[in-house]
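The next block is my_file.txt, given as compact mmCIF, C-alpha atoms.
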# COMPACT_ATOMS: atom_id res chain seq x y z
CA MET A 1 51.24 -42.52 23.19
CA LEU A 2 49.31 -39.26 23.03
CA THR A 3 48.76 -36.45 25.48
CA ILE A 4 45.22 -35.21 26.07
CA SER A 5 45.88 -32.24 23.77
CA GLN A 6 47.08 -34.53 20.99
CA LEU A 7 44.12 -36.86 21.51
CA ALA A 8 41.71 -33.91 21.19
CA ALA A 9 43.48 -32.68 18.05
CA TYR A 10 43.34 -36.11 16.34
CA ALA A 11 39.59 -36.38 17.02
CA ARG A 12 38.96 -32.69 16.19
CA VAL A 13 37.39 -31.86 19.56
CA THR A 14 38.45 -29.60 22.39
CA VAL A 15 40.34 -30.65 25.49
CA ARG A 16 37.37 -29.41 27.46
CA ALA A 17 35.14 -31.84 25.54
CA VAL A 18 37.51 -34.72 26.31
CA ARG A 19 37.42 -33.88 30.01
CA HIS A 20 33.61 -33.73 29.87
CA TYR A 21 33.43 -37.17 28.22
CA HIS A 22 35.69 -38.45 30.99
CA LYS A 23 33.36 -36.96 33.60
CA ILE A 24 30.18 -38.54 32.20
CA GLY A 25 31.84 -41.90 31.57
CA LEU A 26 31.84 -41.96 27.77
CA LEU A 27 35.62 -42.01 27.47
CA PRO A 28 37.61 -43.88 30.11
CA GLU A 29 40.47 -41.98 31.66
CA SER A 30 43.89 -43.45 30.98
CA GLU A 31 46.52 -44.23 33.56
CA ARG A 32 49.16 -41.61 34.31
CA ASP A 33 52.73 -42.10 33.12
CA ARG A 34 55.83 -41.71 35.29
CA SER A 35 55.71 -37.94 34.79
CA GLY A 36 52.14 -37.79 36.08
CA TYR A 37 50.54 -37.14 32.70
CA ARG A 38 47.69 -39.16 31.22
CA THR A 39 48.54 -40.70 27.86
CA TYR A 40 46.20 -42.22 25.29
CA ASP A 41 46.50 -44.86 22.61
CA ALA A 42 44.89 -45.37 19.20
CA ALA A 43 41.84 -47.08 20.73
CA ALA A 44 41.07 -43.91 22.66
CA VAL A 45 41.32 -41.88 19.45
CA VAL A 46 38.90 -44.23 17.66
CA ARG A 47 36.41 -44.17 20.52
CA LEU A 48 36.57 -40.38 20.78
CA ILE A 49 35.99 -40.02 17.03
CA ARG A 50 32.95 -42.30 17.30
CA ILE A 51 31.62 -40.25 20.21
CA ARG A 52 32.09 -37.03 18.25
CA THR A 53 30.46 -38.51 15.14
CA LEU A 54 27.37 -39.64 17.06
CA ALA A 55 27.11 -36.32 18.91
CA ASP A 56 27.47 -34.35 15.66
CA ALA A 57 24.68 -36.48 14.15
CA GLY A 58 22.34 -35.29 16.88
CA VAL A 59 22.47 -38.30 19.18
CA PRO A 60 21.95 -37.15 22.79
CA LEU A 61 25.03 -37.79 24.91
CA ALA A 62 22.85 -39.78 27.31
CA ARG A 63 22.33 -42.34 24.53
CA VAL A 64 25.79 -42.35 22.99
CA GLN A 65 27.03 -45.00 25.44
CA GLU A 66 24.38 -47.57 24.48
CA LEU A 67 25.12 -47.10 20.77
CA LEU A 68 28.86 -47.37 21.27
CA ASP A 69 28.41 -50.72 23.00
CA ALA A 70 25.60 -52.04 20.76
CA GLY A 71 25.79 -54.76 18.14
CA PRO A 72 24.80 -54.04 14.51
CA GLU A 73 21.07 -54.78 14.96
CA GLU A 74 20.83 -52.96 18.27
CA PHE A 75 22.71 -50.01 16.79
CA ALA A 76 20.32 -49.77 13.82
CA GLY A 77 17.29 -50.00 16.10
CA GLY A 78 18.70 -47.37 18.43
CA VAL A 79 19.39 -44.98 15.57
CA GLN A 80 15.85 -45.43 14.24
CA GLU A 81 14.41 -44.71 17.69
CA ILE A 82 16.53 -41.57 18.01
CA ASP A 83 15.46 -40.50 14.52
CA LYS A 84 11.81 -40.91 15.55
CA ASP A 85 12.40 -38.74 18.61
CA LEU A 86 14.16 -36.11 16.52
CA ARG A 87 11.31 -36.00 14.00
CA ALA A 88 8.85 -35.45 16.86
CA GLU A 89 11.07 -32.67 18.18
CA ILE A 90 11.27 -31.11 14.72
CA ARG A 91 7.46 -31.08 14.51
CA ARG A 92 7.30 -29.45 17.94
CA LEU A 93 9.83 -26.80 16.93
CA GLN A 94 7.99 -26.13 13.66
CA ASP A 95 4.77 -25.66 15.61
CA THR A 96 6.60 -23.30 17.96
CA ARG A 97 7.84 -21.29 14.98
CA ARG A 98 4.32 -21.03 13.60
CA ARG A 99 3.08 -19.83 16.98
CA LEU A 100 5.87 -17.25 17.14
CA ALA A 101 5.02 -16.05 13.64
CA ARG A 102 1.41 -15.55 14.69
CA LEU A 103 2.50 -13.77 17.86
CA ALA A 104 4.53 -11.38 15.74
CA ALA A 105 1.26 -10.28 14.15
CA GLY A 106 0.24 -8.86 17.53
CA GLU A 107 -3.25 -10.27 18.16
CA HIS A 108 -2.45 -13.94 18.66
CA LEU A 109 -1.08 -13.72 22.18
CA ALA A 110 -3.50 -15.85 24.26
CA LEU A 111 -6.17 -15.66 21.54
CA PRO A 112 -7.46 -18.41 19.23
CA GLN A 113 -7.60 -17.75 15.50
CA SER A 114 -11.40 -17.41 15.53
CA VAL A 115 -11.18 -14.37 17.83
CA VAL A 116 -8.39 -12.80 15.77
CA ASP A 117 -10.55 -13.14 12.65
CA TYR A 118 -13.46 -11.53 14.48
CA LEU A 119 -11.34 -8.57 15.58
CA ASP A 120 -10.13 -8.16 12.00
CA ARG A 121 -13.75 -8.04 10.87
CA LEU A 122 -14.40 -5.25 13.39
CA ARG A 123 -11.47 -3.35 11.91
CA GLY A 124 -13.10 -3.77 8.52
CA LEU A 125 -16.14 -1.99 9.93
CA GLY A 126 -13.94 0.96 10.85
CA VAL A 127 -13.80 0.25 14.59
CA GLY A 128 -10.92 2.15 16.23
CA GLU A 129 -7.89 0.45 17.74
CA ARG A 130 -8.66 1.69 21.25
CA TYR A 131 -11.95 -0.17 21.24
CA ILE A 132 -10.34 -3.17 19.50
CA GLU A 133 -7.92 -3.38 22.42
CA LEU A 134 -10.83 -3.40 24.89
CA GLU A 135 -12.55 -6.24 23.04
CA ARG A 136 -9.25 -8.11 22.63
CA ASP A 137 -8.55 -8.03 26.36
CA ALA A 138 -12.13 -9.11 27.12
CA TRP A 139 -11.85 -12.05 24.71
CA ILE A 140 -8.50 -13.08 26.21
CA MET A 141 -10.19 -13.46 29.59
CA ILE A 142 -13.24 -15.19 28.10
CA ALA A 143 -11.13 -17.63 26.05
CA ALA A 144 -9.18 -18.55 29.19
CA GLN A 145 -12.41 -19.25 31.10
CA VAL A 146 -14.31 -21.24 28.47
CA PRO A 147 -11.77 -22.36 25.83
CA HIS A 148 -14.08 -25.17 24.70
CA LEU A 149 -16.89 -22.72 23.89
CA ILE A 150 -15.00 -19.81 22.36
CA ASP A 151 -15.32 -20.86 18.70
CA SER A 152 -19.11 -21.31 18.95
CA VAL A 153 -19.43 -17.98 20.79
CA ILE A 154 -17.43 -16.22 18.08
CA ALA A 155 -19.54 -17.87 15.37
CA LYS A 156 -22.59 -16.33 17.06
CA LYS A 157 -20.84 -12.94 17.15
CA HIS A 158 -20.32 -13.12 13.39
CA GLU A 159 -24.04 -13.79 12.94
CA GLU A 160 -24.83 -10.75 15.07
CA LEU A 161 -22.77 -8.52 12.79
CA ASP A 162 -25.43 -9.09 10.14
CA ASP A 163 -27.83 -7.12 12.37
CA PRO A 164 -28.00 -3.43 11.36
CA ASP A 165 -28.33 -2.47 15.02
CA MET A 166 -25.05 -4.18 15.84
CA VAL A 167 -23.29 -2.56 12.89
CA ARG A 168 -24.68 0.82 13.98
CA LEU A 169 -23.46 0.18 17.52
CA TYR A 170 -19.92 -0.51 16.35
CA SER A 171 -19.99 2.61 14.19
CA PHE A 172 -19.80 4.66 17.39
CA PHE A 173 -16.44 3.16 18.31
CA THR A 174 -14.29 4.66 15.58
CA GLY A 175 -12.58 7.20 17.83
CA ALA A 176 -12.30 8.28 21.45
CA LEU A 177 -14.59 6.65 24.00
CA ASP A 178 -14.54 9.42 26.64
CA TRP A 179 -17.93 10.95 25.78
CA GLN A 180 -19.60 13.60 27.91
CA ALA A 181 -22.97 13.08 29.59
CA ASP A 182 -24.76 15.40 27.14
CA ASP A 183 -23.42 13.60 24.06
CA PRO A 184 -26.49 12.44 22.05
CA ARG A 185 -24.67 9.23 21.15
CA ILE A 186 -25.01 8.06 24.76
CA VAL A 187 -28.79 7.77 24.54
CA GLU A 188 -28.70 6.22 21.07
CA ILE A 189 -26.21 3.57 22.23
CA ALA A 190 -28.46 2.82 25.21
CA ASP A 191 -31.44 2.47 22.85
CA ILE A 192 -29.54 0.07 20.60
CA LEU A 193 -28.26 -2.00 23.50
CA GLU A 194 -31.75 -2.24 24.94
CA ARG A 195 -33.12 -3.52 21.62
CA LEU A 196 -30.33 -6.10 21.51
CA MET A 197 -31.00 -7.13 25.10
CA ILE A 198 -34.73 -7.50 24.41
CA ARG A 199 -34.03 -9.74 21.43
CA ALA A 200 -31.63 -11.82 23.50
CA VAL A 201 -34.21 -12.26 26.26
CA GLU A 202 -36.97 -13.17 23.80
CA ALA A 203 -34.67 -15.68 22.12
CA GLY A 204 -33.80 -17.29 25.46
CA GLU A 205 -30.14 -16.34 25.10
CA VAL A 206 -29.62 -15.04 28.63
CA GLY A 207 -28.96 -17.04 31.77
CA ALA A 208 -26.14 -19.49 32.53
CA ASP A 209 -22.92 -18.35 30.89
CA GLY A 210 -20.26 -20.54 32.51
CA PHE A 211 -18.69 -17.63 34.43
CA ASP A 212 -18.55 -17.21 38.19
CA ASP A 213 -19.76 -13.99 39.83
CA GLN A 214 -16.24 -12.74 40.49
CA PHE A 215 -15.30 -13.06 36.82
CA VAL A 216 -18.45 -11.22 35.74
CA ALA A 217 -17.66 -8.41 38.20
CA LEU A 218 -14.10 -8.25 36.84
CA MET A 219 -15.35 -7.94 33.26
CA ASP A 220 -17.79 -5.20 34.22
CA SER A 221 -15.25 -3.19 36.20
CA THR A 222 -12.63 -3.47 33.44
CA MET A 223 -15.07 -2.18 30.85
CA LEU A 224 -16.28 0.71 33.02
CA LYS A 225 -12.73 1.74 33.85
CA SER A 226 -11.54 1.61 30.24
CA ALA A 227 -14.54 3.34 28.63
CA PRO A 228 -16.04 6.11 30.82
CA GLY A 229 -18.90 6.57 28.37
CA ALA A 230 -20.06 3.03 29.17
CA GLU A 231 -20.93 4.09 32.72
CA LEU A 232 -23.34 6.70 31.34
CA VAL A 233 -24.95 4.11 29.08
CA LEU A 234 -25.26 1.68 31.96
CA ALA A 235 -26.93 4.35 34.10
CA ILE A 236 -29.59 4.89 31.44
CA LEU A 237 -30.25 1.17 31.14
CA LYS A 238 -30.52 0.94 34.91
CA GLU A 239 -33.14 3.70 34.92
CA ARG A 240 -35.12 1.62 32.42
CA GLY A 241 -35.01 -1.41 34.70
CA TRP A 242 -32.07 -3.35 33.28
CA LYS A 243 -29.41 -4.69 35.60
CA GLY A 244 -26.13 -6.22 34.53
CA TRP A 245 -23.70 -5.77 31.66
CA THR A 246 -21.63 -8.84 31.03
CA ARG A 247 -24.55 -10.82 32.43
CA ILE A 248 -28.18 -9.59 32.37
CA GLU A 249 -29.45 -10.16 35.92
CA ARG A 250 -32.79 -8.35 35.92
CA VAL A 251 -35.19 -7.90 33.01
CA PRO A 252 -37.88 -5.17 33.00
CA ALA A 253 -40.90 -7.10 31.73
CA ASP A 254 -42.77 -3.90 30.83
CA ARG A 255 -40.11 -3.05 28.22
CA LEU A 256 -40.26 -6.36 26.38
CA ASN A 257 -42.21 -6.37 23.14
CA PRO A 258 -42.95 -9.91 21.99
CA SER A 259 -44.59 -8.64 18.81
CA GLU A 260 -41.41 -7.21 17.29
CA GLY A 261 -40.15 -10.51 15.91
CA SER A 262 -36.68 -9.12 15.30
CA THR A 263 -33.66 -11.27 14.70
CA PRO A 264 -32.32 -12.42 18.10
CA SER A 265 -29.03 -10.86 19.12
CA ALA A 266 -26.98 -10.28 22.22
CA PRO A 267 -24.84 -7.39 23.41
CA THR A 268 -21.12 -7.40 22.82
CA PRO A 269 -18.84 -8.53 25.65
CA ASP A 270 -17.26 -5.13 26.10
CA CYS A 271 -18.93 -2.09 24.61
Conversion result in structure tokens:
Amino acid sequence: MLTISQLAAYARVTVRAVRHYHKIGLLPESERDRSGYRTYDAAAVVRLIRIRTLADAGVPLARVQELLDAGPEEFAGGVQEIDKDLRAEIRRLQDTRRRLARLAAGEHLALPQSVVDYLDRLRGLGVGERYIELERDAWIMIAAQVPHLIDSVIAKKHEELDDPDMVRLYSFFTGALDWQADDPRIVEIADILERLMIRAVEAGEVGADGFDDQFVALMDSTMLKSAPGAELVLAILKERGWKGWTRIERVPADRLNPSEGSTPSAPTPDC
């Protein structure tokens, strides 16, 4: 007869593991001898080795019992079912690893690939990282609000980058954004944004956007806080009759020019 230490040694497990198998009912506890010690026979060694073999193979302890007591056909079916579960878990873990690898790149946290590609295109235009961060944060919030629309919205943004006005607009965001009121770029940016707004209005691209008023206000306040120069631009547009930034709420009809026929475009979400 074997002591618990000898039993553990024969099965190449720890005494702690044996006690745990006792606790969860996988390995029955033996009776105590006259000295008060539990002793084990060969059957206990065989059962413990089978438990260890199944556990080492990746079988969850919760399912070891049913396999130990199963007949040949039931055992084969159980193993196949466990293998199916493990393959599903492997796929999940591989997907998690891919997500982690993308997160390591920095931009993928809470952003779909389409937005990351768009931000990379802005970098290719020479846009500075401070502005990239502003756009990134704006797109994170937008993607969370309308995840089903984000890819189509980004596709439209790529089309807009073919517009010389839009490229010119982004050319201003290569450095610091804290411009002074007398900076000539302020007026030029306002002029460009107004042309883009006019084209958007004429193309019927303003109106319902899927955002509630509180979200629109949050987007506006975040932009104004992060880029002081934007407040100056917004003031000029307001003088010209425009109201709204993330969402155009009032359109000055006297500034629209239906005869221009320019390519429709819309302002960026955070500029």
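Near Ala9 of chain A, within a cut-off of 12 Å and counting only C-alpha atoms, sit the residues Leu2, Thr3, Val15, Arg16, Ala17, Val18, Val45, Leu48 and Ile49 of chain A, with same-chain residues fewer than 6 positions away left out.
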Quick one: pull the distance between atom CA of Ala110 of chain A and atom CA of Met166 of chain A, Å, one decimal. 25.9 Å
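Residues in contact with segment 209-222 of chain A at up to 10 Å, not including ones fewer than 3 positions away on its chain and judged by only C-alpha atoms, are Leu134, Asp137, Ala138, Met141, Ile142, Gln145, Val146, Leu149, Glu205, Val206, Lys225, Ser226, Ala227, Ala230, Glu231, Gly244, Trp245, Thr246, Arg247, Pro269 and Asp270 of chain A.
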As a PyMOL selection string, please: the residues near Arg240 of chain A (cut-off 10 Å, only C-alpha atoms, same-chain neighbours under 2 positions excluded). chain A and resi 190+194+234-238+242-243+251-252+254-255
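The two atoms in question, atom CA of Trp179 of chain A and atom CA of Leu161 of chain A, are spaced 23.9 Å apart.
The shortest atom-to-atom distance to Tyr21 of chain A, with all atoms listed in the file taken into account, belongs to A:Leu61 out of A:Arg50, A:Ser5, A:Leu61, A:Val167.
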Quick one, how far is atom CA of Asp183 of chain A from atom CA of Gly128 of chain A?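 Value for the atom CA of Asp183 of chain A-atom CA of Gly128 of chain A distance: 18.7 Å.
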Point out the residue among A:Asp56, A:Glu66, A:Asp191, A:Glu73 with the least atom-to-atom distance to Asp165 of chain A, counting only C-alpha atoms.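 Closest candidate: A:Asp191.
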